[in-house]
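J.: Below is a structure I'd like to ask you about.
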Amino acid sequence: MKRVYVNEKWCLGCHLCEYNCAFANSGCDDMVKALKDVPIYPRIQVEEGDNINFAVNCRHCEEPLCVKSCITGALSVQDGVIFVDQEKCVGCYTCILVCPYGAIMPGPTGNVVQKCELCINNSFGEPACVKGCPNRAIVFEER
């Protein structure tokens, strides 16, 4: 299965992956209208260090602790991709606590979670973070 991988040696820490992710999941077809003067809620987060930057995203684990810990069954695996059913999520944040990568976060409303779903429900062909990375530090490939 293809997954998103980050080459931290190439990451500039520009945060463009976050903006492209937020736009891809906004439901809007105009990036300026979707993101101007509003807080963004990307499903990928850039962590910055002194000498290294890297984007944190869902690894779509083969045996995901988040899915096992979800008390309502809001998290599920379909064809190797972990999805969140927004209708079932009660915002208990157990999945956030157990994710070893810190890849699940509160959504815009704060009472449900969100995570990377590889832009499968979007019409971008590949994850928006990959498409928008100017330095090709983020790739979508099978390893």
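Ligands are numbered from 1 in the order shown, chains are lettered A, B, ... in the order of the structure tokens, and residues start at 1 in each chain.
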Taking the DSSP assignment computed from this structure's backbone, write out as number ranges by chain all residues of region 36-75 of chain A that belong to strand (DSSP E).

T.: A: 45-48, 53-56, 75

J.: Would you pick out the contacts of region 70-83 of chain A at 12 Å or less, using only C-alpha atoms, so that residues sharing its chain but fewer than 5 positions from it are not included, and give the list as a PyMOL selection string?

T.: chain A and resi 1-4+57-65+88-99+103-104+112-121

J.: Env of Asn20 (chain A): 10 Å cut, atoms = only C-alpha atoms, seq-sep filter 2 positions within chain, self excluded. Answer as a count of residues only.

T.: 21

J.: Pick from A:Cys66, A:Val6, A:Val84, A:Lys36: nearest to Gly102 (chain A), with only C-alpha atoms counted?

T.: A:Cys66

J.: Provide the CA of Cys28 (chain A) to CA of Gly110 (chain A) distance in Å, to one decimal place.

T.: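 Pair CA of Cys28 (chain A) / CA of Gly110 (chain A) returns 20.6 Å.
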
J.: How would you write, as a PyMOL selection string, the set of residues in region 14-81 of chain A that DSSP gives as helix (DSSP H, G or I)?

T.: chain A and resi 16-24+31-35+65-69

J.: Between A:Gly27, A:Gly125, A:Gly13, A:Pro100, single out the one closest to Asp50 (chain A), counting only C-alpha atoms.

T.: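 Among A:Gly27, A:Gly125, A:Gly13, A:Pro100, it is A:Gly13 that comes nearest to Asp50 (chain A).
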
J.: Which is closer to Gly49 (chain A) than all the others in A:Leu12, A:Ala34, A:Met105, A:Val67, using only C-alpha atoms?

T.: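 Between A:Leu12, A:Ala34, A:Met105, A:Val67, the residue approaching Gly49 (chain A) most closely is A:Leu12.
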
J.: Compare A:Asn111, A:Glu142, A:Val46, A:Asp29 by their minimum atom-to-atom distance to Tyr5 (chain A), counting only C-alpha atoms, and give me the closest one.

T.: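 Residue with the minimum atom-to-atom distance to Tyr5 (chain A): A:Glu142.
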